[in-house]
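Undergrad: One file is attached below, work-v1.txt, containing compact mmCIF, C-alpha atoms (C1' of nucleotides).
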```txt
# COMPACT_ATOMS: atom_id res chain seq x y z
CA MET Q 1 -8.76 7.48 -7.94
CA ALA Q 2 -7.45 7.24 -11.48
CA LYS Q 3 -4.39 5.31 -12.41
CA PHE Q 4 -1.40 7.60 -12.29
CA LYS Q 5 1.37 7.77 -14.84
CA LEU Q 6 4.85 7.20 -13.46
CA ASP Q 7 7.92 6.72 -15.59
CA GLU Q 8 10.92 4.47 -15.08
CA THR Q 9 12.78 7.14 -13.10
CA ASP Q 10 9.89 7.53 -10.68
CA HIS Q 11 9.80 3.75 -10.24
CA GLN Q 12 13.45 3.63 -9.34
CA ILE Q 13 13.12 6.52 -6.91
CA LEU Q 14 10.22 4.79 -5.16
CA ASP Q 15 12.20 1.58 -5.21
CA MET Q 16 15.00 3.09 -3.18
CA LEU Q 17 12.75 5.02 -0.83
CA ILE Q 18 10.59 1.97 -0.13
CA GLU Q 19 13.66 0.20 1.20
CA ASN Q 20 14.72 3.16 3.27
CA THR Q 21 12.80 6.39 3.51
CA ARG Q 22 15.90 8.27 4.61
CA THR Q 23 18.00 7.40 1.59
CA PRO Q 24 19.64 10.72 0.72
CA PHE Q 25 18.37 12.23 -2.52
CA THR Q 26 22.00 12.71 -3.52
CA ASP Q 27 22.52 8.93 -3.35
CA ILE Q 28 19.45 8.33 -5.48
CA ALA Q 29 20.63 10.98 -7.92
CA LYS Q 30 24.06 9.38 -8.22
CA LYS Q 31 22.60 5.97 -8.93
CA LEU Q 32 20.13 7.22 -11.51
CA LEU Q 33 22.58 9.66 -13.09
CA ILE Q 34 20.31 12.64 -12.57
CA SER Q 35 20.61 15.66 -10.30
CA ALA Q 36 19.45 15.66 -6.69
CA GLY Q 37 17.18 18.57 -7.55
CA THR Q 38 15.32 16.39 -10.04
CA VAL Q 39 14.87 13.68 -7.44
CA HIS Q 40 13.47 16.28 -5.11
CA VAL Q 41 11.02 17.64 -7.69
CA ARG Q 42 9.80 14.17 -8.60
CA VAL Q 43 9.28 13.07 -5.02
CA LYS Q 44 7.38 16.27 -4.36
CA LYS Q 45 5.18 15.65 -7.38
CA MET Q 46 4.39 12.14 -6.25
CA GLU Q 47 3.51 13.50 -2.82
CA GLU Q 48 1.27 16.17 -4.33
CA ALA Q 49 -0.39 13.60 -6.57
CA GLY Q 50 -1.11 11.53 -3.48
CA ILE Q 51 0.84 8.51 -4.70
CA ILE Q 52 3.13 8.85 -1.70
CA ILE Q 53 0.79 9.17 1.26
CA GLY Q 54 3.40 9.17 3.97
CA SER Q 55 6.22 7.27 5.57
CA SER Q 56 6.35 5.09 8.61
CA LEU Q 57 8.73 3.11 10.75
CA THR Q 58 8.68 -0.66 10.76
CA LEU Q 59 8.97 -1.82 14.34
CA ASP Q 60 9.68 -5.24 15.76
CA TYR Q 61 6.55 -5.88 17.79
CA LYS Q 62 7.93 -9.18 19.04
CA LYS Q 63 10.73 -7.30 20.75
CA LEU Q 64 8.13 -5.00 22.29
CA GLY Q 65 6.38 -8.02 23.79
CA TYR Q 66 3.59 -8.21 21.21
CA ALA Q 67 4.23 -11.46 19.40
CA PHE Q 68 0.65 -12.61 19.05
CA ILE Q 69 -1.26 -12.12 15.79
CA ALA Q 70 -4.76 -13.36 15.05
CA TYR Q 71 -7.46 -12.76 12.50
CA VAL Q 72 -10.99 -12.45 13.76
CA GLY Q 73 -14.04 -12.94 11.57
CA VAL Q 74 -17.08 -11.08 12.85
CA PHE Q 75 -20.69 -12.08 12.19
CA LEU Q 76 -23.29 -9.36 12.63
CA LYS Q 77 -26.85 -9.75 13.79
CA ASN Q 78 -27.85 -7.41 11.00
CA THR Q 79 -25.71 -6.03 8.17
CA SER Q 80 -27.30 -2.61 8.56
CA GLN Q 81 -25.14 -2.28 11.67
CA THR Q 82 -21.91 -2.63 9.72
CA LYS Q 83 -20.91 1.02 9.89
CA PHE Q 84 -21.57 1.28 13.63
CA VAL Q 85 -19.69 -1.92 14.44
CA LEU Q 86 -16.74 -0.93 12.25
CA GLU Q 87 -16.44 2.31 14.17
CA ARG Q 88 -16.48 0.48 17.52
CA ILE Q 89 -13.87 -1.99 16.23
CA ASN Q 90 -11.57 0.82 15.20
CA GLU Q 91 -11.65 2.18 18.72
CA ILE Q 92 -9.80 -0.90 19.94
CA PRO Q 93 -6.10 -0.08 19.63
CA PHE Q 94 -4.99 -3.68 19.24
CA VAL Q 95 -7.05 -4.11 16.10
CA THR Q 96 -4.59 -3.09 13.44
CA VAL Q 97 -6.86 -3.33 10.42
CA ALA Q 98 -10.52 -4.06 9.76
CA HIS Q 99 -12.34 -4.94 6.55
CA VAL Q 100 -15.94 -5.13 5.48
CA THR Q 101 -16.01 -8.33 3.46
CA THR Q 102 -18.12 -10.49 1.23
CA GLY Q 103 -18.09 -14.20 1.90
CA LYS Q 104 -18.20 -15.97 5.19
CA PHE Q 105 -17.85 -13.00 7.52
CA ASN Q 106 -19.38 -9.54 7.60
CA VAL Q 107 -16.34 -7.89 9.07
CA PHE Q 108 -12.87 -9.21 9.28
CA CYS Q 109 -10.00 -7.87 11.34
CA LYS Q 110 -6.43 -8.44 12.38
CA ILE Q 111 -5.35 -8.11 15.98
CA ARG Q 112 -1.96 -7.81 17.63
CA ALA Q 113 -1.65 -8.90 21.25
CA LYS Q 114 0.86 -9.81 23.93
CA ASN Q 115 -0.24 -13.42 24.33
CA THR Q 116 -3.27 -15.67 24.27
CA GLN Q 117 -4.66 -14.22 27.49
CA HIS Q 118 -4.43 -10.72 26.10
CA ALA Q 119 -5.92 -11.82 22.78
CA LYS Q 120 -8.83 -13.32 24.64
CA GLU Q 121 -9.52 -9.95 26.27
CA ILE Q 122 -9.47 -8.22 22.89
CA ILE Q 123 -11.80 -10.80 21.35
CA PHE Q 124 -14.17 -10.32 24.29
CA LEU Q 125 -14.19 -6.61 23.51
CA LEU Q 126 -15.20 -7.45 19.96
CA ASP Q 127 -17.87 -9.86 21.12
CA ASP Q 128 -19.27 -7.19 23.42
CA ILE Q 129 -19.91 -4.69 20.65
CA GLU Q 130 -23.60 -4.17 20.13
CA GLY Q 131 -24.72 -5.80 16.92
CA VAL Q 132 -22.02 -8.48 16.92
CA TYR Q 133 -23.57 -11.92 16.79
CA ARG Q 134 -20.44 -14.00 17.16
CA THR Q 135 -16.76 -14.12 16.17
CA GLU Q 136 -14.43 -16.72 14.80
CA THR Q 137 -10.70 -16.56 15.48
CA MET Q 138 -7.75 -17.78 13.49
CA ILE Q 139 -4.44 -17.66 15.29
CA SER Q 140 -1.33 -16.94 13.27
CA LEU Q 141 1.45 -19.40 13.99
CA GLU Q 142 3.80 -17.78 11.56
CA GLU Q 143 3.67 -14.57 9.56
CA SER Q 144 5.61 -14.10 6.37
CA ILE Q 145 5.52 -10.67 4.84
CA ASN Q 146 6.20 -10.43 1.17
CA ASP Q 147 8.70 -7.95 -0.13
CA LYS Q 148 6.99 -4.63 -0.86
CA LYS Q 149 9.53 -4.08 -3.59
CA ARG Q 150 8.44 -7.18 -5.43
CA LEU Q 151 4.83 -5.99 -5.56
CA MET Q 152 5.97 -2.60 -6.83
CA HIS Q 153 8.04 -4.20 -9.59
CA SER Q 154 5.01 -6.13 -10.75
CA ILE Q 155 2.92 -2.99 -10.69
CA PHE Q 156 5.57 -1.02 -12.60
CA LYS Q 157 5.84 -3.67 -15.29
CA GLU Q 158 2.25 -2.98 -16.25
CA MET Q 159 2.38 0.81 -16.33
CA MET V 1 12.97 -11.87 21.38
CA ALA V 2 12.92 -10.38 24.84
CA LYS V 3 10.85 -7.38 25.75
CA PHE V 4 12.94 -4.27 25.40
CA LYS V 5 13.10 -1.39 27.80
CA LEU V 6 12.29 1.99 26.34
CA ASP V 7 11.77 5.13 28.36
CA GLU V 8 9.32 7.96 27.90
CA THR V 9 11.73 9.89 25.67
CA ASP V 10 12.12 6.92 23.34
CA HIS V 11 8.35 6.59 23.16
CA GLN V 12 7.95 10.18 22.13
CA ILE V 13 10.67 9.92 19.52
CA LEU V 14 9.02 6.84 18.01
CA ASP V 15 5.71 8.61 18.19
CA MET V 16 6.89 11.41 15.95
CA LEU V 17 8.83 9.17 13.58
CA ILE V 18 5.90 6.79 13.15
CA GLU V 19 3.85 9.65 11.79
CA ASN V 20 6.59 10.80 9.50
CA THR V 21 9.94 9.09 9.18
CA ARG V 22 11.50 12.26 7.82
CA THR V 23 10.64 14.41 10.81
CA PRO V 24 13.89 16.34 11.38
CA PHE V 25 15.72 15.33 14.55
CA THR V 26 16.01 19.02 15.32
CA ASP V 27 12.20 19.29 15.42
CA ILE V 28 11.96 16.29 17.72
CA ALA V 29 14.71 17.75 19.90
CA LYS V 30 12.91 21.08 20.19
CA LYS V 31 9.65 19.44 21.19
CA LEU V 32 11.24 17.15 23.78
CA LEU V 33 13.62 19.83 25.07
CA ILE V 34 16.69 17.74 24.42
CA SER V 35 19.51 18.14 21.92
CA ALA V 36 19.39 16.84 18.36
CA GLY V 37 22.48 14.77 19.15
CA THR V 38 20.56 12.90 21.83
CA VAL V 39 17.72 12.14 19.45
CA HIS V 40 20.26 10.82 16.99
CA VAL V 41 21.94 8.56 19.56
CA ARG V 42 18.62 7.18 20.80
CA VAL V 43 17.33 6.40 17.32
CA LYS V 44 20.62 4.70 16.53
CA LYS V 45 20.34 2.59 19.67
CA MET V 46 16.81 1.53 18.83
CA GLU V 47 17.99 0.57 15.37
CA GLU V 48 20.89 -1.42 16.79
CA ALA V 49 18.57 -3.13 19.28
CA GLY V 50 16.36 -4.14 16.37
CA ILE V 51 13.30 -2.31 17.69
CA ILE V 52 13.33 -0.15 14.59
CA ILE V 53 13.64 -2.57 11.69
CA GLY V 54 13.38 -0.03 8.93
CA SER V 55 11.32 2.66 7.34
CA SER V 56 9.03 2.53 4.39
CA LEU V 57 6.81 4.67 2.25
CA THR V 58 3.06 4.37 2.38
CA LEU V 59 1.73 4.41 -1.16
CA ASP V 60 -1.77 4.83 -2.46
CA TYR V 61 -2.30 1.58 -4.31
CA LYS V 62 -5.72 2.71 -5.47
CA LYS V 63 -4.08 5.52 -7.42
CA LEU V 64 -1.69 2.99 -8.90
CA GLY V 65 -4.65 1.01 -10.19
CA TYR V 66 -4.59 -1.66 -7.50
CA ALA V 67 -7.78 -1.10 -5.57
CA PHE V 68 -8.73 -4.72 -5.01
CA ILE V 69 -8.00 -6.44 -1.70
CA ALA V 70 -9.02 -9.95 -0.76
CA TYR V 71 -8.16 -12.51 1.87
CA VAL V 72 -7.72 -16.08 0.74
CA GLY V 73 -7.93 -19.04 3.08
CA VAL V 74 -5.99 -22.05 1.84
CA PHE V 75 -6.77 -25.66 2.68
CA LEU V 76 -3.93 -28.13 2.23
CA LYS V 77 -4.17 -31.77 1.25
CA ASN V 78 -1.67 -32.52 3.98
CA THR V 79 -0.30 -30.19 6.65
CA SER V 80 3.18 -31.61 6.19
CA GLN V 81 3.28 -29.57 2.98
CA THR V 82 2.83 -26.27 4.81
CA LYS V 83 6.40 -25.10 4.45
CA PHE V 84 6.56 -25.90 0.76
CA VAL V 85 3.25 -24.23 -0.01
CA LEU V 86 4.15 -21.14 2.00
CA GLU V 87 7.30 -20.75 -0.06
CA ARG V 88 5.36 -21.02 -3.31
CA ILE V 89 2.80 -18.50 -2.05
CA ASN V 90 5.52 -16.01 -1.21
CA GLU V 91 6.74 -16.18 -4.78
CA ILE V 92 3.52 -14.54 -5.95
CA PRO V 93 4.14 -10.80 -5.80
CA PHE V 94 0.49 -9.87 -5.33
CA VAL V 95 0.30 -11.81 -2.09
CA THR V 96 1.28 -9.18 0.43
CA VAL V 97 1.29 -11.33 3.54
CA ALA V 98 0.78 -15.00 4.36
CA HIS V 99 0.12 -16.72 7.67
CA VAL V 100 0.17 -20.27 8.89
CA THR V 101 -2.93 -20.44 11.05
CA THR V 102 -4.87 -22.56 13.43
CA GLY V 103 -8.61 -22.75 12.96
CA LYS V 104 -10.49 -23.06 9.73
CA PHE V 105 -7.65 -22.67 7.27
CA ASN V 106 -4.12 -24.03 7.11
CA VAL V 107 -2.69 -20.97 5.44
CA PHE V 108 -4.21 -17.58 5.15
CA CYS V 109 -3.11 -14.74 2.93
CA LYS V 110 -3.90 -11.26 1.77
CA ILE V 111 -3.77 -10.32 -1.87
CA ARG V 112 -3.73 -7.00 -3.68
CA ALA V 113 -4.97 -6.90 -7.26
CA LYS V 114 -6.13 -4.57 -10.00
CA ASN V 115 -9.67 -5.89 -10.21
CA THR V 116 -11.75 -9.03 -9.94
CA GLN V 117 -10.36 -10.46 -13.15
CA HIS V 118 -6.82 -10.00 -11.92
CA ALA V 119 -7.72 -11.38 -8.51
CA LYS V 120 -9.12 -14.47 -10.19
CA GLU V 121 -5.77 -15.03 -11.90
CA ILE V 122 -3.93 -14.74 -8.61
CA ILE V 123 -6.30 -17.13 -6.87
CA PHE V 124 -5.82 -19.60 -9.72
CA LEU V 125 -2.07 -19.39 -9.10
CA LEU V 126 -2.73 -20.27 -5.48
CA ASP V 127 -5.03 -23.14 -6.44
CA ASP V 128 -2.39 -24.50 -8.78
CA ILE V 129 0.25 -24.86 -6.09
CA GLU V 130 0.99 -28.50 -5.45
CA GLY V 131 -0.47 -29.55 -2.15
CA VAL V 132 -3.27 -27.01 -2.14
CA TYR V 133 -6.62 -28.72 -1.80
CA ARG V 134 -8.90 -25.72 -2.20
CA THR V 135 -9.17 -22.03 -1.36
CA GLU V 136 -11.83 -19.78 0.01
CA THR V 137 -11.90 -16.08 -0.82
CA MET V 138 -13.18 -13.10 1.10
CA ILE V 139 -13.33 -9.88 -0.83
CA SER V 140 -12.70 -6.64 1.03
CA LEU V 141 -15.34 -4.03 0.30
CA GLU V 142 -13.75 -1.49 2.57
CA GLU V 143 -10.47 -1.37 4.44
CA SER V 144 -9.99 0.73 7.53
CA ILE V 145 -6.50 0.89 8.92
CA ASN V 146 -6.17 1.73 12.56
CA ASP V 147 -3.79 4.40 13.69
CA LYS V 148 -0.36 2.92 14.31
CA LYS V 149 0.18 5.58 16.95
CA ARG V 150 -2.78 4.38 18.96
CA LEU V 151 -1.35 0.87 19.18
CA MET V 152 2.01 2.25 20.22
CA HIS V 153 0.44 4.31 22.99
CA SER V 154 -1.25 1.22 24.36
CA ILE V 155 2.00 -0.67 24.22
CA PHE V 156 3.90 2.15 25.93
CA LYS V 157 1.37 2.37 28.74
CA GLU V 158 2.32 -1.12 29.80
CA MET V 159 6.09 -0.74 29.68
C1' DG Y 1 23.53 9.49 29.10
C1' DG Y 2 23.46 14.21 28.06
C1' DT Y 3 25.26 18.73 25.84
C1' DG Y 4 26.66 22.27 22.36
C1' DA Y 5 29.34 23.64 18.71
C1' DA Y 6 31.37 22.82 14.35
C1' DA Y 7 32.03 20.45 10.07
C1' DG Y 8 29.96 18.16 6.45
C1' DC Y 9 26.06 17.35 3.73
C1' DA Y 10 21.41 17.37 2.16
C1' DC Y 11 17.48 19.88 0.96
C1' DC Y 12 15.10 22.86 -1.89
C1' DG Y 13 14.04 27.03 -4.45
C1' DA Y 14 15.46 30.31 -8.06
C1' DG Y 15 17.08 31.15 -12.25
C1' DT Y 16 18.69 29.09 -16.76
C1' DT Y 17 18.69 26.15 -20.83
C1' DA N 1 11.38 18.84 -17.51
C1' DA N 2 15.95 18.89 -15.99
C1' DC N 3 20.24 21.24 -14.67
C1' DT N 4 23.32 24.09 -11.66
C1' DC N 5 24.15 26.64 -7.76
C1' DG N 6 23.79 28.81 -3.32
C1' DG N 7 21.50 29.73 1.07
C1' DT N 8 19.51 27.50 4.73
C1' DG N 9 19.13 24.15 7.84
C1' DC N 10 19.74 19.14 9.17
C1' DT N 11 22.77 15.43 10.65
C1' DT N 12 26.48 13.58 12.94
C1' DT N 13 30.61 13.62 15.57
C1' DC N 14 33.32 14.77 19.47
C1' DA N 15 35.30 16.84 23.48
C1' DC N 16 33.35 17.78 27.76
C1' DC N 17 30.02 17.45 31.60
```
Will you turn the file into structure tokens for me?
TA:
Amino acid sequence: MAKFKLDETDHQILDMLIENTRTPFTDIAKKLLISAGTVHVRVKKMEEAGIIIGSSLTLDYKKLGYAFIAYVGVFLKNTSQTKFVLERINEIPFVTVAHVTTGKFNVFCKIRAKNTQHAKEIIFLLDDIEGVYRTETMISLEESINDKKRLMHSIFKEM
Amino acid sequence: MAKFKLDETDHQILDMLIENTRTPFTDIAKKLLISAGTVHVRVKKMEEAGIIIGSSLTLDYKKLGYAFIAYVGVFLKNTSQTKFVLERINEIPFVTVAHVTTGKFNVFCKIRAKNTQHAKEIIFLLDDIEGVYRTETMISLEESINDKKRLMHSIFKEM
DNA sequence: GGTGAAAGCACCGAGTT
DNA sequence: AACTCGGTGCTTTCACC
């Protein structure tokens, strides 16, 4: 998991692909004044190095009827059950991400649901997992996602 | 923000593109026994409808030297300052997402940092925002991201 | 709303500098 | 490591169903 060396050209390629995965390599090449072949080789190298893990679509879950987001803190009866509980949590499709954490909670997860009723059902599923002592829910009233590009620029500045 | 009607074919197209945005339309067409032109038209329609917002690369931040994830709960002096504070928070590049929440915290955010030292600096930036009373940090020891496909399947089942 | 063919490009590997 | 170039194959449009 070592820090990987990327140069300015790699940064700019990632920059364009982060905004739109399907940006033609020829467009990137034109902008960076290099050949499309070079873009191709560099992307391939970053894929082989595991820097680029994959690509995914960003969907509007609100439009799909899933506007409800909440974070659920999970308290365990016994921390030795962490692994087991984490596995059970990951079987629930509406849990988008789960963390083992220090601090207040043992496990901490994000859920995406249709509405409060649906969220309640999901939280009940969490509560029902063996080893879960209790849960604490925080409902998101508003989500603001920071620009991925901005984070990358900050990372690049330090490389 | 109405619920949008997608048919089985759309589901399967999204299914393949979620796994890999660059899946050739010809491959999708072959698998679904339709023409590549049809795949193209359907994807375009989903883009125009705003279901597909965009596409992005998944990067390995660990390999880039950013292995540290934490969630920070923010308490405000006064909830009327929420909007202002949220704007300031979003100016910090290492904050990847911020939420206005009900429950324990007023605002809740996720940060990505190089290490504990770096995380401390970011949390100090949060503490320094005018209107922030105090913060509470939960450090992620392990992140497990649920399969995006699994959520989509659950959503599709109900459409 | 779908098709199939055709034109236009992009991808990607080979060979070169 | 990057370039050019050419074969292969993908995308996108369009007339037609």
Undergrad: Counting all atoms listed in the file, collect the residues of chain Y whose closest atom lies at most 10 Å from chain V, and write them out as a VMD selection string.
TA: chain Y and resid 1 to 4
Undergrad: Using all atoms listed in the file, find each residue of chain N with at least one atom at most 9 Å away from an atom of chain Q; report its shortest atom-to-atom pair and that distance in Å (one decimal), sort the rows by chain and rising residue number, and return the result as CSV.
TA:
```
residue,atom,partner,partner_atom,distance
N:DA1,C1',Q:Thr38,CA,8.8
N:DA2,C1',Q:Thr38,CA,6.5
N:DC3,C1',Q:Ser35,CA,7.1
N:DT4,C1',Q:Ser35,CA,9.0
```
Undergrad: Take the residues from that selection and write them out as a compact mmCIF listing (two decimals), in the coordinates of the input, keeping C-alpha atoms (C1' of nucleotides).
TA:
```txt
# COMPACT_ATOMS: atom_id res chain seq x y z
C1' DA N 1 11.38 18.84 -17.51
C1' DA N 2 15.95 18.89 -15.99
C1' DC N 3 20.24 21.24 -14.67
C1' DT N 4 23.32 24.09 -11.66
```
Undergrad: Find the nearest atom pair between each residue of chain Q and chain V for residues within 6 Å, count only C-alpha atoms, give distances in Å to one decimal, sort rows by chain and ascending number, and present the table as JSON lines.
TA:
```
{"residue": "Q:Met1", "atom": "CA", "partner": "V:Lys63", "partner_atom": "CA", "distance": 5.1}
{"residue": "Q:Ala2", "atom": "CA", "partner": "V:Lys63", "partner_atom": "CA", "distance": 5.5}
{"residue": "Q:Lys3", "atom": "CA", "partner": "V:Gly65", "partner_atom": "CA", "distance": 4.8}
{"residue": "Q:Phe4", "atom": "CA", "partner": "V:Leu64", "partner_atom": "CA", "distance": 5.7}
{"residue": "Q:Ile18", "atom": "CA", "partner": "V:Ser56", "partner_atom": "CA", "distance": 4.8}
{"residue": "Q:Asn20", "atom": "CA", "partner": "V:Ser55", "partner_atom": "CA", "distance": 5.3}
{"residue": "Q:Thr21", "atom": "CA", "partner": "V:Ser56", "partner_atom": "CA", "distance": 5.5}
{"residue": "Q:Ile51", "atom": "CA", "partner": "V:Asp60", "partner_atom": "CA", "distance": 5.0}
{"residue": "Q:Ile52", "atom": "CA", "partner": "V:Leu59", "partner_atom": "CA", "distance": 4.7}
{"residue": "Q:Ile53", "atom": "CA", "partner": "V:Leu59", "partner_atom": "CA", "distance": 5.4}
{"residue": "Q:Gly54", "atom": "CA", "partner": "V:Thr58", "partner_atom": "CA", "distance": 5.1}
{"residue": "Q:Ser55", "atom": "CA", "partner": "V:Leu57", "partner_atom": "CA", "distance": 4.3}
{"residue": "Q:Ser56", "atom": "CA", "partner": "V:Ile18", "partner_atom": "CA", "distance": 4.9}
{"residue": "Q:Leu57", "atom": "CA", "partner": "V:Ser55", "partner_atom": "CA", "distance": 4.3}
{"residue": "Q:Thr58", "atom": "CA", "partner": "V:Gly54", "partner_atom": "CA", "distance": 5.1}
{"residue": "Q:Leu59", "atom": "CA", "partner": "V:Ile52", "partner_atom": "CA", "distance": 4.7}
{"residue": "Q:Asp60", "atom": "CA", "partner": "V:Ile51", "partner_atom": "CA", "distance": 5.0}
{"residue": "Q:Lys63", "atom": "CA", "partner": "V:Lys3", "partner_atom": "CA", "distance": 5.0}
{"residue": "Q:Leu64", "atom": "CA", "partner": "V:Lys3", "partner_atom": "CA", "distance": 5.0}
{"residue": "Q:Gly65", "atom": "CA", "partner": "V:Lys3", "partner_atom": "CA", "distance": 4.9}
{"residue": "Q:Pro93", "atom": "CA", "partner": "V:Leu151", "partner_atom": "CA", "distance": 4.9}
{"residue": "Q:Phe94", "atom": "CA", "partner": "V:Leu151", "partner_atom": "CA", "distance": 5.8}
{"residue": "Q:Thr96", "atom": "CA", "partner": "V:Asn146", "partner_atom": "CA", "distance": 5.1}
{"residue": "Q:Val97", "atom": "CA", "partner": "V:Ile145", "partner_atom": "CA", "distance": 4.5}
{"residue": "Q:Ala98", "atom": "CA", "partner": "V:Ser144", "partner_atom": "CA", "distance": 5.3}
{"residue": "Q:His99", "atom": "CA", "partner": "V:Glu143", "partner_atom": "CA", "distance": 4.5}
{"residue": "Q:Val100", "atom": "CA", "partner": "V:Glu142", "partner_atom": "CA", "distance": 5.1}
{"residue": "Q:Thr101", "atom": "CA", "partner": "V:Ser140", "partner_atom": "CA", "distance": 4.4}
{"residue": "Q:Thr102", "atom": "CA", "partner": "V:Ile139", "partner_atom": "CA", "distance": 5.2}
{"residue": "Q:Gly103", "atom": "CA", "partner": "V:Met138", "partner_atom": "CA", "distance": 5.1}
{"residue": "Q:Met138", "atom": "CA", "partner": "V:Gly103", "partner_atom": "CA", "distance": 5.1}
{"residue": "Q:Ile139", "atom": "CA", "partner": "V:Thr102", "partner_atom": "CA", "distance": 5.3}
{"residue": "Q:Ser140", "atom": "CA", "partner": "V:Thr101", "partner_atom": "CA", "distance": 4.4}
{"residue": "Q:Leu141", "atom": "CA", "partner": "V:Val100", "partner_atom": "CA", "distance": 5.3}
{"residue": "Q:Glu142", "atom": "CA", "partner": "V:Val100", "partner_atom": "CA", "distance": 5.1}
{"residue": "Q:Glu143", "atom": "CA", "partner": "V:His99", "partner_atom": "CA", "distance": 4.6}
{"residue": "Q:Ser144", "atom": "CA", "partner": "V:Ala98", "partner_atom": "CA", "distance": 5.3}
{"residue": "Q:Ile145", "atom": "CA", "partner": "V:Val97", "partner_atom": "CA", "distance": 4.5}
{"residue": "Q:Asn146", "atom": "CA", "partner": "V:Thr96", "partner_atom": "CA", "distance": 5.1}
{"residue": "Q:Arg150", "atom": "CA", "partner": "V:Pro93", "partner_atom": "CA", "distance": 5.6}
{"residue": "Q:Leu151", "atom": "CA", "partner": "V:Pro93", "partner_atom": "CA", "distance": 4.9}
```
Undergrad: Atom CA of Arg88 of chain V and atom CA of Ile111 of chain V, how far apart in Å?
TA: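 One can read the atom CA of Ile111 of chain V to atom CA of Arg88 of chain V distance as 14.1 Å.
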Undergrad: Considering only C-alpha atoms (C1' of nucleotides), return as a list in words whatever protein or nucleic-acid residues lie within 12 Å of DG8 of chain Y, sequence-local ones (same chain, fewer than 3 positions apart) excluded.
TA: DC10, DT11, DT12 and DT13 of chain N
